[in-house]
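Notes follow once the structure below has been shown.
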There are 2 protein chains.
Amino acid sequence: MARDFTQAEVDAVYKAILARRDIRVFLPDKLPDDVVDRILRAGHHGPSVGYMQPWNFVVIQDKEVLRALQAVVEKERIRAGEPYSDAKRDYYLRLKVEGLVEAPMTICVTNDPTRGGPHVLGRNTIPETDLMSTACAIENMWLAARAEGVAMGWVSIYEKDDVRKILGIPNHVDPAALLTIGYTPHFPEIPLLERVGWGTRRDFAEVVFENRWGTRPARST
Amino acid sequence: MARDFTQAEVDAVYKAILARRDIRVFLPDKLPDDVVDRILRAGHHGPSVGYMQPWNFVVIQDKEVLRALQAVVEKERIRAGEPYSDAKRDYYLRLKVEGLVEAPMTICVTNDPTRGGPHVLGRNTIPETDLMSTACAIENMWLAARAEGVAMGWVSIYEKDDVRKILGIPNHVDPAALLTIGYTPHFPEIPLLERVGWGTRRDFAEVVFENRWGTRPARST
């Protein structure tokens with residue numbers, strides 16, 4: 001068996017996983033290039049089906065581009081409030097859902113489903129493993145950022161074609177996520193949506209089954 | 001600014017990210033319950049769009065269930081070799097693509113796209129953010145496992161309905177991944193598919209753009 005992490009190192013990994021938060025409040029301070037590089041490299045070292053590495057990272061600091069992105073997000077944010085009941089809609093519209101203009105940097109993470117050709121090893125029955133690979137890259141970036149004291153917010157309210165147009169992304173490439181990143185005054189202990197009463201973390205005992213869907217583990221967890 | 005990780009802790013997070021490997025060789029030793037619990041909790045602390053937490057974890061140790069899963073994976077593994085040219089197919093078929101029978105445990109991670117109701121915050125324009133959330137949970141598990149000295153292999157070659165039938169998963173729930181986990185003799189430095197010449201890691205400079213798709217960063221990275 002290979003035990004090559006000290007207990008302190010194991011603890012640090014869990015610390016990052018448990019302390020990671022989706023942040024919407026950013027300080028204007030620019031991020032040092034070396035920090036950004038390490039976060040991007042963490043993403044590039046994500047796992048990918050058949051080693052296809054379907055991701056690219058468009059690093060945006062140009063304020064004009066950020067404002068254009070902010071406008072297409074704001075358009076969808078208002079539209080997204082429509083299905084809610086009046087009270088919930090008011091509440092929703094007051095929620096701060098993005099920090100595209102405040103944060104010094106946004107990274108558009110893209111997914112190219114054609115990368116690696118038509119027969120990617122391990123992707124024959126579940127084509128969306130490309131997008132899942134890209135999501136794993138994002139989680140790597142998020143944890144790396146958290147350890148570096150850098151905040152990240154995942155913005156997912158936009159029409160992909162709007163973002164393609166602004167960033168010049170080819171039609172076959174998927175702008176999978178907009179990640180706002182920067183420093184923040186503090187990382188809250190409780191996730192934002194839990195703090196504001198929008199949702200709660202599900203009971204751990206509810207999410208785990210044993211050998212078959214619906215069967216609770218016999219051992220106590 | 002919030003700097004709450006020591007340099008040693010930051011290093012440990014990068015160590016896990018860079019040392020994570022997709023492993024196909026497992027020792028039969030059972031994993032301690034507390035280790036499995038911590039890995040599952042790492043997954044459950046993944047980010048999710050609108051806090052929907054769409055995942056469940058079916059923890060499988062029953063050998064009969066594992067053999068049934070192995071059979072449906074093997075069926076698709078052979079079918080997946082068909083499009084390759086003769087030489088590449090022979091090569092592909094000799095690759096060890098899964099350790100479902102050798103590993104003491106497999107976790108089926110599922111994604112429920114209906115969780116949180118029809119209007120999940122932040123999921124109006126990109127519905128697949130549910131699956132991306134589940135993938136982030138998987139990456140958390142993978143990094144936690146790596147730090148614990150536990151190997152993981154992501155098996156993605158199966159028809160979802162076959163896995164649903166074996167595990168009793170409802171039709172609306174997506175068996176998103178089969179993760180084989182257990183101890184391994186060693187974690188290779190080079191990813192398997194690179195070691196066998198199937199692919200190489202893309203040049204980091206190729207994956208990063210600045211402000212616009214196709215524009216290389218001016219600064220050297």
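Each chain in the structure tokens gets a letter, A, B, ..., in the order shown, and its residues are numbered from 1; ligands are numbered from 1 in order too.
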
Practice problem: List the neighbours of range 211-213 of chain B out to 7 Å using only C-alpha atoms; skip same-chain residues closer than 2 positions along the sequence, and give me the result as a PyMOL selection string. | Solution: (chain A and resi 58-62+167-169) or (chain B and resi 209+215)

Dump all heavy atoms for the selected residues as a tab-separated table (two decimals), in the first residue's frame?
chain	number	residue	atom	x	y	z
A	58	VAL	N	-10.17	30.68	-20.84
A	58	VAL	CA	-10.06	32.04	-21.35
A	58	VAL	C	-10.01	32.97	-20.13
A	58	VAL	O	-11.01	33.12	-19.42
A	58	VAL	CB	-11.24	32.42	-22.27
A	58	VAL	CG1	-11.00	33.78	-22.91
A	58	VAL	CG2	-11.46	31.35	-23.35
A	59	VAL	N	-8.85	33.53	-19.91
A	59	VAL	CA	-8.62	34.37	-18.72
A	59	VAL	C	-8.93	35.81	-19.08
A	59	VAL	O	-8.27	36.39	-19.96
A	59	VAL	CB	-7.15	34.24	-18.27
A	59	VAL	CG1	-6.88	35.15	-17.06
A	59	VAL	CG2	-6.83	32.79	-17.92
A	60	ILE	N	-9.94	36.37	-18.44
A	60	ILE	CA	-10.44	37.68	-18.85
A	60	ILE	C	-10.18	38.71	-17.75
A	60	ILE	O	-10.65	38.56	-16.62
A	60	ILE	CB	-11.96	37.62	-19.13
A	60	ILE	CG1	-12.24	36.48	-20.13
A	60	ILE	CG2	-12.46	38.96	-19.66
A	60	ILE	CD1	-13.60	35.86	-19.94
A	61	GLN	N	-9.42	39.76	-18.11
A	61	GLN	CA	-9.22	40.86	-17.18
A	61	GLN	C	-9.63	42.19	-17.82
A	61	GLN	O	-9.71	43.20	-17.13
A	61	GLN	CB	-7.74	40.93	-16.75
A	61	GLN	CG	-7.29	39.70	-15.99
A	61	GLN	CD	-5.91	39.86	-15.39
A	61	GLN	OE1	-5.72	40.45	-14.32
A	61	GLN	NE2	-4.91	39.32	-16.08
A	62	ASP	N	-9.87	42.17	-19.11
A	62	ASP	CA	-10.28	43.36	-19.85
A	62	ASP	C	-11.67	43.79	-19.36
A	62	ASP	O	-12.65	43.04	-19.46
A	62	ASP	CB	-10.32	43.01	-21.35
A	62	ASP	CG	-10.65	44.21	-22.21
A	62	ASP	OD1	-11.66	44.91	-21.93
A	62	ASP	OD2	-9.93	44.45	-23.19
A	167	LEU	N	-16.67	36.26	-26.58
A	167	LEU	CA	-15.30	35.76	-26.44
A	167	LEU	C	-14.74	35.14	-27.73
A	167	LEU	O	-13.58	34.70	-27.75
A	167	LEU	CB	-15.22	34.73	-25.30
A	167	LEU	CG	-15.61	35.24	-23.91
A	167	LEU	CD1	-15.50	34.13	-22.88
A	167	LEU	CD2	-14.73	36.45	-23.49
A	168	GLY	N	-15.54	35.11	-28.78
A	168	GLY	CA	-15.07	34.53	-30.05
A	168	GLY	C	-14.86	33.03	-29.99
A	168	GLY	O	-13.97	32.48	-30.65
A	169	ILE	N	-15.68	32.37	-29.20
A	169	ILE	CA	-15.55	30.91	-29.04
A	169	ILE	C	-16.26	30.22	-30.20
A	169	ILE	O	-17.40	30.56	-30.53
A	169	ILE	CB	-16.16	30.48	-27.69
A	169	ILE	CG1	-15.35	31.10	-26.54
A	169	ILE	CG2	-16.24	28.96	-27.56
A	169	ILE	CD1	-15.96	30.93	-25.17
B	209	PHE	N	-6.02	31.02	-22.92
B	209	PHE	CA	-6.19	32.18	-23.79
B	209	PHE	C	-6.40	33.43	-22.93
B	209	PHE	O	-6.76	33.32	-21.75
B	209	PHE	CB	-7.42	32.01	-24.71
B	209	PHE	CG	-7.32	30.85	-25.65
B	209	PHE	CD1	-8.36	29.93	-25.75
B	209	PHE	CD2	-6.20	30.66	-26.45
B	209	PHE	CE1	-8.29	28.85	-26.63
B	209	PHE	CE2	-6.12	29.58	-27.35
B	209	PHE	CZ	-7.17	28.68	-27.43
B	215	THR	N	-6.41	33.96	-28.43
B	215	THR	CA	-5.38	34.94	-28.11
B	215	THR	C	-4.47	34.41	-27.01
B	215	THR	O	-4.93	34.14	-25.89
B	215	THR	CB	-6.00	36.27	-27.64
B	215	THR	OG1	-6.91	36.71	-28.65
B	215	THR	CG2	-4.92	37.33	-27.43

Practice problem: Report as number ranges by chain: the residues of range 45-218 of chain A with a DSSP assignment of helix (DSSP H, G or I), based on the backbone of this structure. | Solution: A: 49-51, 63-81, 86-94, 129-147, 160-167, 192-195, 204-207

Quiz item: What lies within 9 Å of Tyr92 in chain A using only C-alpha atoms, ignoring chain neighbours under 5 positions off, as a list in words?
Solution: Gly81, Tyr84, Ala87 and Val97 of chain A; Leu121 of chain B

Just the selected residues (N, CA, C and O atoms), exported as a PDB file, in the first residue's frame, please.
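That gives us selection-v9.pdb:
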ATOM      1  N   GLY A  81     -35.849  34.832 -12.838  1.00  0.00           N
ATOM      2  CA  GLY A  81     -36.707  35.082 -11.683  1.00  0.00           C
ATOM      3  C   GLY A  81     -38.179  34.912 -11.983  1.00  0.00           C
ATOM      4  O   GLY A  81     -38.997  34.742 -11.074  1.00  0.00           O
ATOM      5  N   TYR A  84     -40.638  32.139 -10.412  1.00  0.00           N
ATOM      6  CA  TYR A  84     -40.852  32.081  -8.964  1.00  0.00           C
ATOM      7  C   TYR A  84     -42.125  32.822  -8.570  1.00  0.00           C
ATOM      8  O   TYR A  84     -42.565  33.742  -9.269  1.00  0.00           O
ATOM      9  N   ALA A  87     -43.131  36.479  -3.804  1.00  0.00           N
ATOM     10  CA  ALA A  87     -42.248  36.663  -2.652  1.00  0.00           C
ATOM     11  C   ALA A  87     -40.866  36.078  -2.943  1.00  0.00           C
ATOM     12  O   ALA A  87     -39.838  36.713  -2.689  1.00  0.00           O
ATOM     13  N   VAL A  97     -26.034  37.399  -7.376  1.00  0.00           N
ATOM     14  CA  VAL A  97     -25.676  36.129  -8.010  1.00  0.00           C
ATOM     15  C   VAL A  97     -24.341  36.159  -8.725  1.00  0.00           C
ATOM     16  O   VAL A  97     -23.847  35.131  -9.137  1.00  0.00           O
TER      17      VAL A  97
ATOM     18  N   LEU B 121     -32.043  27.461  -8.710  1.00  0.00           N
ATOM     19  CA  LEU B 121     -31.315  28.732  -8.847  1.00  0.00           C
ATOM     20  C   LEU B 121     -30.022  28.530  -9.643  1.00  0.00           C
ATOM     21  O   LEU B 121     -29.197  27.694  -9.303  1.00  0.00           O
TER      22      LEU B 121
END

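For the pair CA of Gln70 in chain A and CA of Glu98 in chain A, the interatomic distance is 8.3 Å.
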
Exercise. Compile the residues of chain B that lie within 7 Å of chain A, evaluated using only C-alpha atoms, and express the compilation as a ChimeraX atom specification.
Key: /B:1-5,9-10,12-14,17-18,37,42,45,51,56-62,80,122-126,131-132,135-136,139-140,144,147-149,156-159,167-169,183-186,193,199,207-213,221

Only C-alpha atoms, please: the residues just picked out, written as a short mmCIF file (atom, residue, chain, number, x, y, z; two decimals), in the first residue's frame.
data_model
loop_
_atom_site.label_atom_id
_atom_site.label_comp_id
_atom_site.auth_asym_id
_atom_site.auth_seq_id
_atom_site.Cartn_x
_atom_site.Cartn_y
_atom_site.Cartn_z
CA MET B 1 -7.88 39.20 2.42
CA ALA B 2 -8.30 35.84 4.05
CA ARG B 3 -5.13 33.77 4.25
CA ASP B 4 -6.00 30.82 6.42
CA PHE B 5 -3.86 28.07 4.86
CA GLU B 9 -1.26 23.17 3.63
CA VAL B 10 -1.29 24.87 0.24
CA ALA B 12 -0.55 19.48 0.32
CA VAL B 13 -3.56 20.51 -1.75
CA TYR B 14 -1.41 20.79 -4.90
CA ILE B 17 -4.13 17.46 -7.31
CA LEU B 18 -0.89 16.61 -9.11
CA ASP B 37 -16.99 7.72 5.27
CA ALA B 42 -15.80 14.88 0.73
CA HIS B 45 -19.34 18.67 0.33
CA TYR B 51 -27.44 23.93 -3.66
CA ASN B 56 -26.28 9.84 -4.25
CA PHE B 57 -23.61 7.26 -3.54
CA VAL B 58 -24.39 3.55 -3.86
CA VAL B 59 -21.57 1.82 -2.03
CA ILE B 60 -21.17 -1.71 -3.40
CA GLN B 61 -19.16 -4.44 -1.71
CA ASP B 62 -21.43 -7.40 -2.50
CA ALA B 80 -16.15 -0.04 -27.88
CA GLY B 122 -28.64 29.25 -11.49
CA ARG B 123 -29.75 26.31 -13.63
CA ASN B 124 -32.16 28.01 -16.02
CA THR B 125 -29.94 28.26 -19.08
CA ILE B 126 -27.50 25.40 -18.52
CA LEU B 131 -24.19 16.73 -13.84
CA MET B 132 -21.26 19.12 -13.54
CA ALA B 135 -18.63 15.56 -11.34
CA CYS B 136 -17.21 18.07 -8.85
CA GLU B 139 -13.28 15.02 -8.00
CA ASN B 140 -13.54 15.82 -4.28
CA ALA B 144 -9.64 12.82 -0.66
CA ALA B 147 -4.54 11.85 0.14
CA GLU B 148 -5.73 8.85 2.16
CA GLY B 149 -3.56 6.57 0.01
CA SER B 156 -17.50 4.98 -17.79
CA ILE B 157 -18.04 2.10 -20.22
CA TYR B 158 -21.57 0.85 -19.58
CA GLU B 159 -25.12 1.34 -20.70
CA LEU B 167 -28.69 -1.46 -8.70
CA GLY B 168 -32.44 -0.73 -8.75
CA ILE B 169 -31.89 2.91 -9.70
CA TYR B 183 -5.57 0.15 -2.07
CA THR B 184 -3.01 -0.20 -4.85
CA PRO B 185 0.63 -1.37 -4.88
CA HIS B 186 1.74 2.05 -6.08
CA LEU B 193 -2.70 6.43 -20.91
CA GLY B 199 -1.95 10.13 -25.33
CA VAL B 207 -4.90 25.60 -23.21
CA VAL B 208 -4.84 29.17 -21.90
CA PHE B 209 -6.19 32.18 -23.79
CA GLU B 210 -6.32 35.84 -22.80
CA ASN B 211 -9.53 37.86 -23.00
CA ARG B 212 -10.58 36.10 -26.19
CA TRP B 213 -10.53 32.58 -27.65
CA THR B 221 3.60 31.29 -18.36
#

Practice problem: Could you give me the residues within range 25-214 of chain A that DSSP places in strand (DSSP E), as JSON, numbers by chain? | Solution: {"A": [55, 56, 57, 58, 59, 60, 105, 106, 107, 108, 109, 110, 111, 151, 152, 153, 154, 155, 174, 175, 176, 177, 178, 179, 180, 181, 182, 208, 209, 210]}

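The spacing separating CA of Tyr91 in chain A from CA of Gly153 in chain A amounts to 19.7 Å.
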
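Of the residues under consideration (B:Ala205, B:Glu189, B:Val35, B:Val25), B:Val25 shows the shortest atom-to-atom contact distance to Leu95 in chain B when counting only C-alpha atoms.
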